[in-house]
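Colleague: Structure file work_14.cif (mmCIF, C-alpha atoms) is given on the next line.
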```
data_input
loop_
_atom_site.label_atom_id
_atom_site.label_comp_id
_atom_site.auth_asym_id
_atom_site.auth_seq_id
_atom_site.Cartn_x
_atom_site.Cartn_y
_atom_site.Cartn_z
CA MET A 1 -18.95 -54.08 2.61
CA ALA A 2 -17.00 -52.38 -0.22
CA VAL A 3 -13.57 -50.84 0.14
CA ARG A 4 -11.62 -49.03 -2.57
CA ILE A 5 -7.83 -49.28 -2.46
CA LYS A 6 -5.38 -46.94 -4.19
CA TYR A 7 -1.64 -47.25 -4.75
CA PHE A 8 0.69 -44.39 -5.61
CA ALA A 9 4.10 -43.71 -7.10
CA SER A 10 6.81 -46.41 -6.78
CA LEU A 11 4.44 -48.73 -4.93
CA ARG A 12 1.93 -48.59 -7.78
CA ASP A 13 4.69 -49.26 -10.32
CA ARG A 14 5.93 -52.20 -8.26
CA LEU A 15 2.48 -53.74 -7.85
CA GLY A 16 1.58 -53.08 -11.45
CA ARG A 17 -1.73 -51.45 -10.65
CA ALA A 18 -3.21 -48.25 -9.29
CA GLU A 19 -6.45 -49.48 -7.71
CA ASP A 20 -8.11 -52.44 -6.12
CA ARG A 21 -11.48 -53.22 -4.70
CA LEU A 22 -12.32 -55.45 -1.77
CA ASP A 23 -15.65 -56.74 -0.45
CA PRO A 24 -14.68 -58.40 2.82
CA ALA A 25 -17.31 -60.27 4.82
CA VAL A 26 -15.92 -58.97 8.12
CA ALA A 27 -14.36 -55.70 9.26
CA LEU A 28 -10.64 -55.50 8.51
CA THR A 29 -7.78 -53.32 9.70
CA VAL A 30 -5.59 -51.43 7.25
CA ALA A 31 -2.90 -54.13 7.66
CA GLU A 32 -5.47 -56.85 7.00
CA VAL A 33 -6.66 -55.10 3.85
CA TRP A 34 -3.12 -55.27 2.52
CA ALA A 35 -2.59 -58.87 3.64
CA THR A 36 -5.85 -59.94 2.01
CA LEU A 37 -4.96 -58.34 -1.31
CA TRP A 38 -1.25 -59.20 -1.30
CA PRO A 39 -0.86 -62.43 0.70
CA ASP A 40 2.57 -63.09 -0.82
CA THR A 41 3.93 -59.52 -0.58
CA PRO A 42 4.73 -58.04 2.81
CA LEU A 43 3.94 -54.33 3.05
CA PRO A 44 7.23 -52.64 2.01
CA PRO A 45 9.04 -50.88 4.87
CA ASN A 46 8.20 -47.17 5.24
CA THR A 47 4.95 -47.57 3.31
CA LEU A 48 2.36 -45.08 4.48
CA ALA A 49 -1.37 -45.68 4.63
CA ALA A 50 -4.36 -43.36 4.52
CA VAL A 51 -8.06 -43.99 5.11
CA ASN A 52 -10.36 -41.47 3.45
CA MET A 53 -7.38 -39.22 2.77
CA GLU A 54 -6.25 -39.13 6.41
CA TYR A 55 -3.05 -40.84 7.52
CA ALA A 56 -3.90 -44.12 9.24
CA SER A 57 -2.10 -46.71 11.34
CA PRO A 58 -1.98 -50.37 10.29
CA GLU A 59 -4.36 -51.14 13.18
CA GLN A 60 -7.06 -48.71 12.08
CA THR A 61 -10.36 -50.39 11.21
CA VAL A 62 -11.68 -49.89 7.71
CA ARG A 63 -15.41 -49.24 7.27
CA ASP A 64 -17.83 -49.83 4.45
CA GLY A 65 -17.29 -47.29 1.69
CA ASP A 66 -13.83 -46.27 2.87
CA GLU A 67 -11.01 -45.43 0.53
CA VAL A 68 -7.70 -46.93 1.63
CA ALA A 69 -4.44 -45.74 0.10
CA PHE A 70 -0.91 -47.13 0.30
CA PHE A 71 2.08 -45.10 -0.79
CA PRO A 72 5.82 -44.60 -0.25
CA PRO A 73 7.32 -41.71 1.77
CA VAL A 74 6.24 -38.39 0.30
CA THR A 75 8.78 -36.29 -1.60
CA GLY A 76 7.10 -33.01 -2.44
CA GLY A 77 8.34 -29.47 -1.99
CA MET B 1 46.87 13.86 17.65
CA ALA B 2 43.57 14.50 15.87
CA VAL B 3 40.40 12.48 16.41
CA ARG B 4 37.08 13.00 14.64
CA ILE B 5 33.91 12.20 16.58
CA LYS B 6 30.47 11.54 15.10
CA TYR B 7 27.06 11.30 16.75
CA PHE B 8 24.01 9.70 15.21
CA ALA B 9 20.23 9.64 15.53
CA SER B 10 18.65 10.41 18.92
CA LEU B 11 22.07 10.97 20.51
CA ARG B 12 22.94 13.62 17.93
CA ASP B 13 19.57 15.32 18.47
CA ARG B 14 20.11 15.28 22.23
CA LEU B 15 23.62 16.68 22.03
CA GLY B 16 22.64 19.22 19.42
CA ARG B 17 25.48 18.40 17.08
CA ALA B 18 26.65 15.73 14.66
CA GLU B 19 30.41 16.00 14.88
CA ASP B 20 33.25 16.98 17.13
CA ARG B 21 37.00 17.15 16.86
CA LEU B 22 39.54 16.46 19.57
CA ASP B 23 43.31 17.02 19.68
CA PRO B 24 44.33 15.33 22.92
CA ALA B 25 47.93 15.55 24.10
CA VAL B 26 47.91 11.92 25.30
CA ALA B 27 46.30 8.70 24.03
CA LEU B 28 42.70 8.30 25.20
CA THR B 29 40.25 5.43 25.40
CA VAL B 30 36.81 5.63 23.80
CA ALA B 31 35.32 6.35 27.25
CA GLU B 32 37.87 9.10 27.85
CA VAL B 33 37.08 10.69 24.50
CA TRP B 34 33.46 10.99 25.60
CA ALA B 35 34.37 12.23 29.10
CA THR B 36 36.70 14.87 27.67
CA LEU B 37 34.06 16.20 25.27
CA TRP B 38 31.05 15.87 27.61
CA PRO B 39 32.37 16.22 31.17
CA ASP B 40 28.88 17.02 32.51
CA THR B 41 26.98 14.36 30.50
CA PRO B 42 27.45 10.68 31.36
CA LEU B 43 27.37 8.43 28.30
CA PRO B 44 23.68 7.45 28.00
CA PRO B 45 22.97 3.78 28.84
CA ASN B 46 23.00 1.44 25.82
CA THR B 47 25.03 3.88 23.76
CA LEU B 48 27.22 2.05 21.25
CA ALA B 49 30.63 3.16 20.09
CA ALA B 50 32.65 2.52 16.96
CA VAL B 51 36.24 3.29 16.04
CA ASN B 52 36.91 3.56 12.34
CA MET B 53 33.50 2.03 11.64
CA GLU B 54 34.13 -1.07 13.80
CA TYR B 55 32.26 -1.60 17.06
CA ALA B 56 34.52 -0.72 19.96
CA SER B 57 34.52 -1.16 23.74
CA PRO B 58 34.82 1.86 26.07
CA GLU B 59 38.33 0.64 26.93
CA GLN B 60 39.60 0.64 23.37
CA THR B 61 42.45 3.06 22.73
CA VAL B 62 41.90 5.74 20.11
CA ARG B 63 44.78 6.51 17.74
CA ASP B 64 45.76 9.56 15.78
CA GLY B 65 43.47 10.01 12.78
CA ASP B 66 40.78 7.69 14.13
CA GLU B 67 37.08 8.32 13.64
CA VAL B 68 35.07 7.63 16.80
CA ALA B 69 31.29 7.35 16.63
CA PHE B 70 28.66 7.23 19.37
CA PHE B 71 25.11 6.15 18.66
CA PRO B 72 21.99 4.58 20.21
CA PRO B 73 20.93 0.94 19.64
CA VAL B 74 20.44 0.28 15.94
CA THR B 75 16.91 -0.13 14.59
CA GLY B 76 17.24 -1.12 10.92
CA GLY B 77 15.53 -3.90 9.02
CA MET C 1 26.34 -11.37 -4.27
CA LYS C 2 24.93 -7.88 -4.14
CA VAL C 3 24.51 -5.54 -1.16
CA GLU C 4 22.97 -2.16 -1.72
CA LEU C 5 21.54 0.88 0.03
CA ARG C 6 18.65 2.63 -1.70
CA ALA C 7 17.67 6.25 -1.13
CA THR C 8 14.39 5.90 -3.07
CA PRO C 9 11.49 3.41 -3.03
CA PHE C 10 12.16 0.01 -4.58
CA ASP C 11 10.04 -2.97 -5.62
CA PRO C 12 11.44 -6.11 -3.93
CA LEU C 13 9.81 -8.52 -6.37
CA LEU C 14 11.09 -6.59 -9.38
CA GLU C 15 14.58 -6.48 -7.84
CA LEU C 16 14.41 -10.22 -7.20
CA GLY C 17 13.28 -10.90 -10.75
CA CYS C 18 16.06 -8.83 -12.29
CA TYR C 19 18.73 -10.27 -10.01
CA GLN C 20 17.58 -13.82 -10.58
CA ALA C 21 17.60 -13.37 -14.35
CA GLY C 22 21.33 -12.67 -14.14
CA LEU C 23 21.83 -15.43 -11.62
CA ASP C 24 20.06 -17.97 -13.85
CA GLU C 25 22.69 -17.44 -16.55
CA ARG C 26 25.27 -18.87 -14.15
CA LEU C 27 23.26 -21.06 -11.80
CA SER C 28 20.23 -22.39 -13.69
CA GLY C 29 19.41 -25.85 -12.35
CA ARG C 30 21.87 -25.61 -9.45
CA TYR C 31 19.75 -23.95 -6.80
CA GLY C 32 16.80 -25.77 -5.29
CA ALA C 33 15.98 -23.30 -2.53
CA THR C 34 15.43 -19.56 -2.35
CA ALA C 35 14.59 -18.02 1.02
CA ILE C 36 13.45 -14.43 0.98
CA PHE C 37 12.54 -11.89 3.61
CA ILE C 38 10.89 -8.56 2.90
CA GLY C 39 10.51 -5.96 5.63
CA THR C 40 7.78 -3.41 5.00
CA MET C 41 6.93 -0.17 6.76
CA ARG C 42 3.83 -0.49 8.92
CA ASP C 43 1.45 2.37 9.62
CA PHE C 44 1.46 1.61 13.35
CA ASN C 45 4.08 0.97 16.02
CA ASP C 46 3.89 0.79 19.80
CA GLY C 47 0.19 1.54 19.66
CA ASP C 48 0.46 4.71 17.57
CA THR C 49 -0.31 5.51 13.96
CA VAL C 50 2.88 6.24 12.05
CA GLN C 51 2.57 8.67 9.14
CA GLU C 52 6.11 8.62 7.85
CA MET C 53 9.49 7.21 8.74
CA THR C 54 13.06 8.31 8.11
CA LEU C 55 15.89 5.81 8.04
CA GLU C 56 19.22 7.28 9.04
CA HIS C 57 22.46 5.37 8.59
CA TYR C 58 26.20 5.75 9.16
CA PRO C 59 27.66 6.14 5.66
CA GLY C 60 30.53 3.74 5.21
CA MET C 61 29.97 1.71 8.37
CA THR C 62 26.53 0.58 7.27
CA GLU C 63 27.70 -0.68 3.87
CA ARG C 64 30.71 -2.38 5.44
CA HIS C 65 28.61 -4.22 8.02
CA LEU C 66 25.92 -5.29 5.56
CA GLN C 67 28.62 -6.68 3.28
CA ARG C 68 30.25 -8.49 6.18
CA ILE C 69 26.94 -9.99 7.34
CA VAL C 70 26.30 -11.48 3.90
CA GLU C 71 29.89 -12.74 3.69
CA SER C 72 29.55 -14.36 7.12
CA ALA C 73 26.39 -16.12 5.98
CA ALA C 74 28.19 -17.36 2.86
CA ARG C 75 31.01 -18.74 5.00
CA GLU C 76 28.64 -20.42 7.42
CA TRP C 77 26.34 -22.04 4.82
CA PRO C 78 26.91 -23.24 1.24
CA LEU C 79 25.10 -20.38 -0.47
CA LEU C 80 25.08 -20.01 -4.23
CA ASP C 81 24.14 -16.34 -4.14
CA ALA C 82 22.64 -13.62 -1.96
CA LEU C 83 20.96 -10.27 -2.43
CA LEU C 84 20.49 -7.63 0.25
CA ILE C 85 18.87 -4.25 -0.37
CA HIS C 86 18.06 -1.77 2.40
CA ARG C 87 16.28 1.55 2.21
CA ILE C 88 17.53 4.81 3.68
CA GLY C 89 15.78 8.19 3.70
CA ALA C 90 12.08 8.99 3.91
CA LEU C 91 9.55 6.14 3.77
CA GLN C 92 5.75 6.01 3.61
CA PRO C 93 3.64 3.22 5.13
CA ASN C 94 3.74 0.06 2.99
CA ASP C 95 7.11 1.01 1.49
CA PRO C 96 9.61 -1.86 1.47
CA ILE C 97 12.45 -1.34 3.97
CA VAL C 98 14.63 -4.37 3.37
CA LEU C 99 14.93 -7.32 1.00
CA ALA C 100 17.14 -10.29 1.90
CA ALA C 101 17.31 -13.27 -0.44
CA VAL C 102 19.59 -16.30 -0.53
CA TRP C 103 19.91 -19.11 -3.04
CA SER C 104 21.26 -22.55 -2.16
CA ALA C 105 21.01 -26.18 -3.22
CA GLN C 106 18.74 -27.18 -0.34
CA ARG C 107 16.24 -25.53 1.95
CA ALA C 108 17.82 -25.89 5.40
CA GLU C 109 20.74 -23.61 4.61
CA ALA C 110 18.56 -21.12 2.71
CA PHE C 111 16.20 -20.67 5.67
CA ALA C 112 19.06 -20.50 8.19
CA ALA C 113 21.13 -18.03 6.19
CA CYS C 114 18.20 -15.72 5.43
CA ARG C 115 17.24 -15.66 9.08
CA PHE C 116 20.84 -15.09 10.13
CA ILE C 117 21.22 -12.15 7.75
CA MET C 118 18.09 -10.48 9.12
CA GLU C 119 19.01 -11.03 12.78
CA GLU C 120 22.53 -9.76 12.23
CA LEU C 121 21.26 -6.78 10.29
CA LYS C 122 18.75 -5.92 13.00
CA SER C 123 21.34 -6.10 15.75
CA LYS C 124 24.49 -4.80 14.05
CA ALA C 125 23.88 -2.67 10.97
CA PRO C 126 23.90 1.03 11.92
CA PHE C 127 20.45 2.19 10.89
CA TRP C 128 18.07 4.28 12.99
CA LYS C 129 14.37 4.79 12.45
CA ARG C 130 12.64 8.07 13.21
CA GLU C 131 8.85 7.92 13.04
CA ARG C 132 6.46 10.79 12.50
CA THR C 133 3.25 10.32 14.50
CA ALA C 134 0.34 12.62 15.29
CA ALA C 135 2.21 13.56 18.48
CA GLY C 136 5.33 14.54 16.52
CA PRO C 137 8.55 12.79 15.56
CA ARG C 138 10.19 10.13 17.73
CA TRP C 139 13.15 7.80 17.44
CA VAL C 140 12.43 4.07 17.58
CA ALA C 141 14.24 2.97 20.74
CA HIS C 142 14.99 -0.64 19.84
CA ASN C 143 14.06 -3.42 17.46
CA THR C 144 11.67 -6.21 18.37
CA PRO C 145 13.45 -9.44 19.28
CA GLY C 146 13.88 -11.98 16.49
CA MET D 1 -5.21 -17.30 2.23
CA LYS D 2 -4.75 -19.19 -0.98
CA VAL D 3 -3.60 -22.77 -1.53
CA GLU D 4 -3.30 -24.07 -5.06
CA LEU D 5 -1.98 -26.92 -7.16
CA ARG D 6 -0.65 -26.00 -10.61
CA ALA D 7 -0.38 -28.40 -13.53
CA THR D 8 1.66 -25.96 -15.65
CA PRO D 9 4.76 -23.80 -15.03
CA PHE D 10 4.27 -20.72 -12.87
CA ASP D 11 6.33 -17.63 -12.05
CA PRO D 12 6.59 -17.32 -8.25
CA LEU D 13 7.47 -13.62 -8.28
CA LEU D 14 4.58 -12.81 -10.60
CA GLU D 15 2.23 -14.84 -8.40
CA LEU D 16 3.52 -13.02 -5.34
CA GLY D 17 3.08 -9.65 -7.01
CA CYS D 18 -0.50 -10.38 -8.06
CA TYR D 19 -1.45 -11.84 -4.71
CA GLN D 20 0.10 -9.00 -2.78
CA ALA D 21 -1.70 -6.40 -4.91
CA GLY D 22 -5.00 -7.86 -3.67
CA LEU D 23 -3.67 -8.20 -0.16
CA ASP D 24 -2.55 -4.56 -0.07
CA GLU D 25 -6.15 -3.46 -0.59
CA ARG D 26 -6.97 -4.98 2.79
CA LEU D 27 -3.69 -4.96 4.66
CA SER D 28 -1.61 -2.04 3.43
CA GLY D 29 0.50 -0.75 6.33
CA ARG D 30 -0.39 -3.66 8.61
CA TYR D 31 2.25 -6.19 7.67
CA GLY D 32 5.89 -5.55 8.44
CA ALA D 33 7.26 -8.95 7.51
CA THR D 34 6.95 -11.25 4.51
CA ALA D 35 8.83 -14.55 4.55
CA ILE D 36 8.97 -16.44 1.29
CA PHE D 37 10.34 -19.79 0.20
CA ILE D 38 10.68 -20.89 -3.40
CA GLY D 39 11.63 -24.46 -4.25
CA THR D 40 13.13 -24.89 -7.70
CA MET D 41 13.92 -28.02 -9.71
CA ARG D 42 17.63 -28.73 -9.82
CA ASP D 43 19.33 -30.47 -12.74
CA PHE D 44 21.16 -32.84 -10.40
CA ASN D 45 20.26 -35.10 -7.49
CA ASP D 46 22.16 -37.82 -5.66
CA GLY D 47 25.12 -37.31 -7.95
CA ASP D 48 23.23 -37.71 -11.23
CA THR D 49 22.07 -35.29 -13.88
CA VAL D 50 18.30 -35.02 -13.91
CA GLN D 51 16.71 -34.19 -17.27
CA GLU D 52 13.09 -34.01 -16.26
CA MET D 53 10.90 -34.60 -13.25
CA THR D 54 7.27 -35.62 -12.78
CA LEU D 55 5.36 -34.69 -9.66
CA GLU D 56 2.60 -37.12 -8.83
CA HIS D 57 0.03 -36.38 -6.14
CA TYR D 58 -3.03 -37.91 -4.50
CA PRO D 59 -5.95 -35.82 -5.79
CA GLY D 60 -8.08 -34.68 -2.90
CA MET D 61 -5.74 -35.73 -0.12
CA THR D 62 -2.97 -33.41 -1.29
CA GLU D 63 -5.20 -30.32 -1.42
CA ARG D 64 -6.73 -31.17 1.96
CA HIS D 65 -3.35 -31.52 3.64
CA LEU D 66 -1.88 -28.37 2.08
CA GLN D 67 -4.90 -26.42 3.27
CA ARG D 68 -4.60 -27.90 6.74
CA ILE D 69 -0.88 -27.09 6.95
CA VAL D 70 -1.52 -23.43 6.17
CA GLU D 71 -4.43 -23.34 8.63
CA SER D 72 -2.22 -24.88 11.32
CA ALA D 73 0.39 -22.20 10.71
CA ALA D 74 -2.26 -19.49 10.97
CA ARG D 75 -3.44 -20.94 14.29
CA GLU D 76 0.09 -21.20 15.67
CA TRP D 77 1.27 -17.71 14.63
CA PRO D 78 -0.53 -14.38 14.13
CA LEU D 79 -0.39 -14.40 10.34
CA LEU D 80 -2.14 -11.76 8.28
CA ASP D 81 -2.12 -13.86 5.11
CA ALA D 82 -0.47 -16.83 3.40
CA LEU D 83 0.00 -18.12 -0.13
CA LEU D 84 1.00 -21.65 -1.07
CA ILE D 85 1.33 -22.87 -4.66
CA HIS D 86 2.72 -26.30 -5.59
CA ARG D 87 3.40 -27.78 -9.01
CA ILE D 88 2.21 -31.16 -10.23
CA GLY D 89 2.97 -32.80 -13.56
CA ALA D 90 6.08 -32.62 -15.74
CA LEU D 91 8.85 -30.19 -14.76
CA GLN D 92 12.08 -29.12 -16.42
CA PRO D 93 15.23 -28.07 -14.54
CA ASN D 94 14.93 -24.55 -13.10
CA ASP D 95 11.12 -24.77 -13.03
CA PRO D 96 9.63 -23.58 -9.74
CA ILE D 97 8.16 -26.44 -7.67
CA VAL D 98 6.70 -24.65 -4.68
CA LEU D 99 6.06 -21.14 -3.43
CA ALA D 100 5.24 -20.53 0.24
CA ALA D 101 4.74 -16.97 1.47
CA VAL D 102 3.42 -15.58 4.75
CA TRP D 103 2.67 -12.04 5.83
CA SER D 104 2.69 -10.92 9.47
CA ALA D 105 3.27 -7.84 11.62
CA GLN D 106 6.74 -8.91 12.73
CA ARG D 107 9.54 -11.09 11.43
CA ALA D 108 9.80 -13.84 14.05
CA GLU D 109 6.39 -15.30 13.24
CA ALA D 110 6.86 -14.87 9.49
CA PHE D 111 10.11 -16.84 9.49
CA ALA D 112 8.74 -19.51 11.83
CA ALA D 113 5.48 -19.99 9.93
CA CYS D 114 7.14 -20.13 6.50
CA ARG D 115 9.60 -22.73 7.74
CA PHE D 116 6.80 -24.70 9.42
CA ILE D 117 4.74 -24.76 6.23
CA MET D 118 7.67 -26.11 4.22
CA GLU D 119 8.65 -28.76 6.77
CA GLU D 120 5.06 -29.94 7.12
CA LEU D 121 4.60 -29.97 3.37
CA LYS D 122 7.80 -31.96 2.87
CA SER D 123 6.83 -34.55 5.47
CA LYS D 124 3.05 -34.81 5.08
CA ALA D 125 1.71 -33.61 1.73
CA PRO D 126 1.27 -36.59 -0.61
CA PHE D 127 3.52 -35.71 -3.53
CA TRP D 128 6.03 -38.02 -5.17
CA LYS D 129 8.90 -37.08 -7.47
CA ARG D 130 9.97 -39.25 -10.38
CA GLU D 131 13.19 -38.16 -12.05
CA ARG D 132 14.37 -38.94 -15.55
CA THR D 133 18.14 -39.43 -15.68
CA ALA D 134 20.49 -40.74 -18.37
CA ALA D 135 20.08 -44.18 -16.74
CA GLY D 136 16.28 -44.01 -17.02
CA PRO D 137 13.47 -42.94 -14.69
CA ARG D 138 13.64 -43.36 -10.93
CA TRP D 139 11.50 -42.42 -7.95
CA VAL D 140 13.02 -40.10 -5.38
CA ALA D 141 13.12 -42.25 -2.23
CA HIS D 142 12.90 -39.53 0.42
CA ASN D 143 13.28 -35.82 1.02
CA THR D 144 16.39 -34.27 2.49
CA PRO D 145 16.00 -33.39 6.17
CA GLY D 146 14.92 -29.83 6.96
#
```
Kindly transcribe the structure held in the file into structure tokens.

Modeller:
Amino acid sequence: MAVRIKYFASLRDRLGRAEDRLDPAVALTVAEVWATLWPDTPLPPNTLAAVNMEYASPEQTVRDGDEVAFFPPVTGG
Amino acid sequence: MAVRIKYFASLRDRLGRAEDRLDPAVALTVAEVWATLWPDTPLPPNTLAAVNMEYASPEQTVRDGDEVAFFPPVTGG
Amino acid sequence: MKVELRATPFDPLLELGCYQAGLDERLSGRYGATAIFIGTMRDFNDGDTVQEMTLEHYPGMTERHLQRIVESAAREWPLLDALLIHRIGALQPNDPIVLAAVWSAQRAEAFAACRFIMEELKSKAPFWKRERTAAGPRWVAHNTPG
Amino acid sequence: MKVELRATPFDPLLELGCYQAGLDERLSGRYGATAIFIGTMRDFNDGDTVQEMTLEHYPGMTERHLQRIVESAAREWPLLDALLIHRIGALQPNDPIVLAAVWSAQRAEAFAACRFIMEELKSKAPFWKRERTAAGPRWVAHNTPG
């Protein structure tokens, strides 16, 4: 199972990278994807998540081939 | 005492004239101005009145030199 | 702030562009929000085709009330500028009737003030529409609710 | 309906004029109301002078959500047309950021839909602003409430 992870804006700057890749042996939730990649860094408050470009809850299950994104509150307009 | 009276839009068309003049011996209210000029025609429902270009109630007293206007609901914009 | 009656057709976008060019000399970088409303003459109303429309007004009272409406909006919300242009006279379908534009730092007050100006104008400014239809001329009895 | 991201400066009034010229071929005389919002870059924010701004987005997700926001508005209100253009990339003060315009028969739905599009965009479309101030660059933490 392969999952692509993207980070945007201040979160990307803070983490020091824009993308990650994960090949977990078992199905993970969005929250578990983060915890696996960043075991020492709790997900910053107000961070939003998307799976395949749709907003997702931390409990949402991630499937093979999914793209998971983490980003701060949006500030467009 | 001299009072000018103006009629606008559908009300003017209905009355067949745009202006009137009144020289009442005593002070009149807006409603009395109408009743004096049009004793046989009740003020049509929803008719608005203005005194010196400010919206006025039927009870408002009209003074010497005032301009009184009667018109239907406004439909600008 | 500018409030104006126009007896001949006008181009709202051109008016906006010209007005904003002058405004930018004073306010460049200060406004973050512009809310604009344009009212345009339709070729139908109440189920009938409308061929032409005449906008009557009460000279003096109309200008005074339009001015007051814009001033009220500027007292109620922190506006940086406002522009209000309204047609009078004979209009053809698709002719602009009214342009209301407000500039402010942020969007909430721009939206609220623009809406306020239009609702006040519709309910208080002495204008009257007479439509020419196939069945002859008729006065528009009342505005649609906001 | 048109939804577009722009990587270079655009003129909202020119865009509106061009779009409406095409729209008039189909809808001349049918729309009575156009509600427009233009968001412009200010040269100050949170008490500091802002020299430049960069708008980051999430390619793919941003376009999808903008499109969906406009479609939601068109489902909720009887819109005749809508135009939404949003900048990405490097902006200078006074540069337009966003243009939202809707056309409808009457004003209530035009105002409501334009406001809805902006509030949805502000809360859901994945854009992020980074400002350059005298003290260095900083990310804008959140939007002002609508």

Colleague: Let me make sure I understand: among C:Glu76, C:Glu71, C:Glu56, C:Glu109, which one has the smallest atom-to-atom distance to chain B if we use only C-alpha atoms?

Modeller: C:Glu56

Colleague: Please enclose the listed atoms of range 27-36 of chain A in an axis-aligned box, pad each side by 5 Å, and write out the centre and the three edge lengths in Å, rounded to one decimal, as JSON.

Modeller:
```
{"center_x": -8.5, "center_y": -55.7, "center_z": 5.9, "size_x": 21.8, "size_y": 18.5, "size_z": 17.7}
```

Colleague: Counting all atoms listed in the file, find residues at most 8 Å from (38.7, 18.7, 13.9) (file frame) and give them as an NGL selection string.

Modeller: :B and (2-4 or 20-23)

Colleague: Find the residues of chain D in contact range of chain A, meaning any atom within 8 Å when counting only C-alpha atoms, and list them as a ChimeraX atom specification.

Modeller: /D:39,55-56,58,60-61,86,97-98,118,121-129,139-143

Colleague: Compile the contact shell of Ala7 in chain C as an NGL selection string: residues with an atom at most 10 Å away, counting all atoms listed in the file, same-chain residues fewer than 5 positions apart removed.

Modeller: :C and (55 or 86-91)

Colleague: Written as a list in words, which residues does the PyMOL selection byres ((chain A and resi 33) around 9) give for the file shown?

Modeller: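 Taken on the displayed file, the PyMOL selection byres ((chain A and resi 33) around 9) yields the residues Val3, Ile5, Leu22, Pro24, Leu28, Thr29, Val30, Ala31, Glu32, Trp34, Ala35, Thr36, Leu37, Trp38, Val62 and Val68 of chain A.
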
Colleague: (-16.5, -50.2, 3.8) in this file's frame - what residues fall within 6 Å of it? Use all atoms listed in the file and give the answer as a compact mmCIF listing (two decimals) with C-alpha atoms, in the coordinates of the input.

Modeller:
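Writing done, so here's result-v7.txt:
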```
# COMPACT_ATOMS: atom_id res chain seq x y z
CA MET A 1 -18.95 -54.08 2.61
CA ALA A 2 -17.00 -52.38 -0.22
CA VAL A 3 -13.57 -50.84 0.14
CA ARG A 63 -15.41 -49.24 7.27
CA ASP A 64 -17.83 -49.83 4.45
CA GLY A 65 -17.29 -47.29 1.69
CA ASP A 66 -13.83 -46.27 2.87
```

Colleague: Work out how far CA of Ala49 in chain B is from CA of Arg12 in chain B, in Å to one decimal.

Modeller: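 According to the coordinates, CA of Arg12 in chain B and CA of Ala49 in chain B are separated by 13.2 Å.
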
Colleague: To one decimal place, how far is CA of Gly17 in chain D from CA of Leu16 in chain C in Å?

Modeller: 11.3 Å

Colleague: The PyMOL selection byres ((chain C and resi 100) around 9) on the file shown: which residues, as a list in words?

Modeller: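 So the PyMOL selection byres ((chain C and resi 100) around 9), applied here, picks out Ala35, Ile36, Phe37, Ile38, Gly39, Ala82, Leu83, Leu84, Ile85, His86, Val98, Leu99, Ala101, Val102, Cys114, Arg115, Ile117 and Met118 of chain C.
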
Colleague: Residues of chain C no more than 7 Å from chain D, counting all atoms listed in the file: send them over as a list in words.

Modeller: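 Only these qualify: Leu13, Gly17, Ser28, Gly29, Arg30, Tyr31, Gly32, Ala33, Thr34, Ala35, Ile36, Phe37, Ile38, Gly39, Thr40, Met41, Arg42, Asp43, Pro93, Asn94, Arg107, Ala108 and Gly146 of chain C.
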
Colleague: As an exercise, work out the distance from CA of Phe70 in chain B to CA of His57 in chain C in Å and give it to one decimal place.

Modeller: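 These atoms are spaced 12.6 Å apart.
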
Colleague: Starting from the sparse input, extend range 100-106 of chain D to N, CA, C and O atoms and give the output as a compact mmCIF listing (two decimals), keeping the file's coordinate frame.

Modeller:
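The resulting file, result_35.txt, is reproduced below:
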```
# COMPACT_ATOMS: atom_id res chain seq x y z
N ALA D 100 5.94 -20.72 -1.05
CA ALA D 100 5.24 -20.53 0.24
C ALA D 100 5.55 -19.12 0.72
O ALA D 100 6.73 -18.74 0.81
N ALA D 101 4.53 -18.34 1.00
CA ALA D 101 4.74 -16.97 1.47
C ALA D 101 3.78 -16.68 2.62
O ALA D 101 2.61 -17.09 2.57
N VAL D 102 4.29 -16.00 3.64
CA VAL D 102 3.42 -15.58 4.75
C VAL D 102 3.68 -14.11 5.07
O VAL D 102 4.80 -13.62 4.96
N TRP D 103 2.61 -13.45 5.46
CA TRP D 103 2.67 -12.04 5.83
C TRP D 103 2.27 -11.91 7.30
O TRP D 103 1.25 -12.49 7.72
N SER D 104 3.05 -11.14 8.06
CA SER D 104 2.69 -10.92 9.47
C SER D 104 3.20 -9.56 9.91
O SER D 104 3.91 -8.88 9.16
N ALA D 105 2.84 -9.16 11.12
CA ALA D 105 3.27 -7.84 11.62
C ALA D 105 4.78 -7.83 11.81
O ALA D 105 5.45 -6.87 11.43
N GLN D 106 5.32 -8.91 12.40
CA GLN D 106 6.74 -8.91 12.73
C GLN D 106 7.45 -10.16 12.21
O GLN D 106 6.83 -11.15 11.88
```
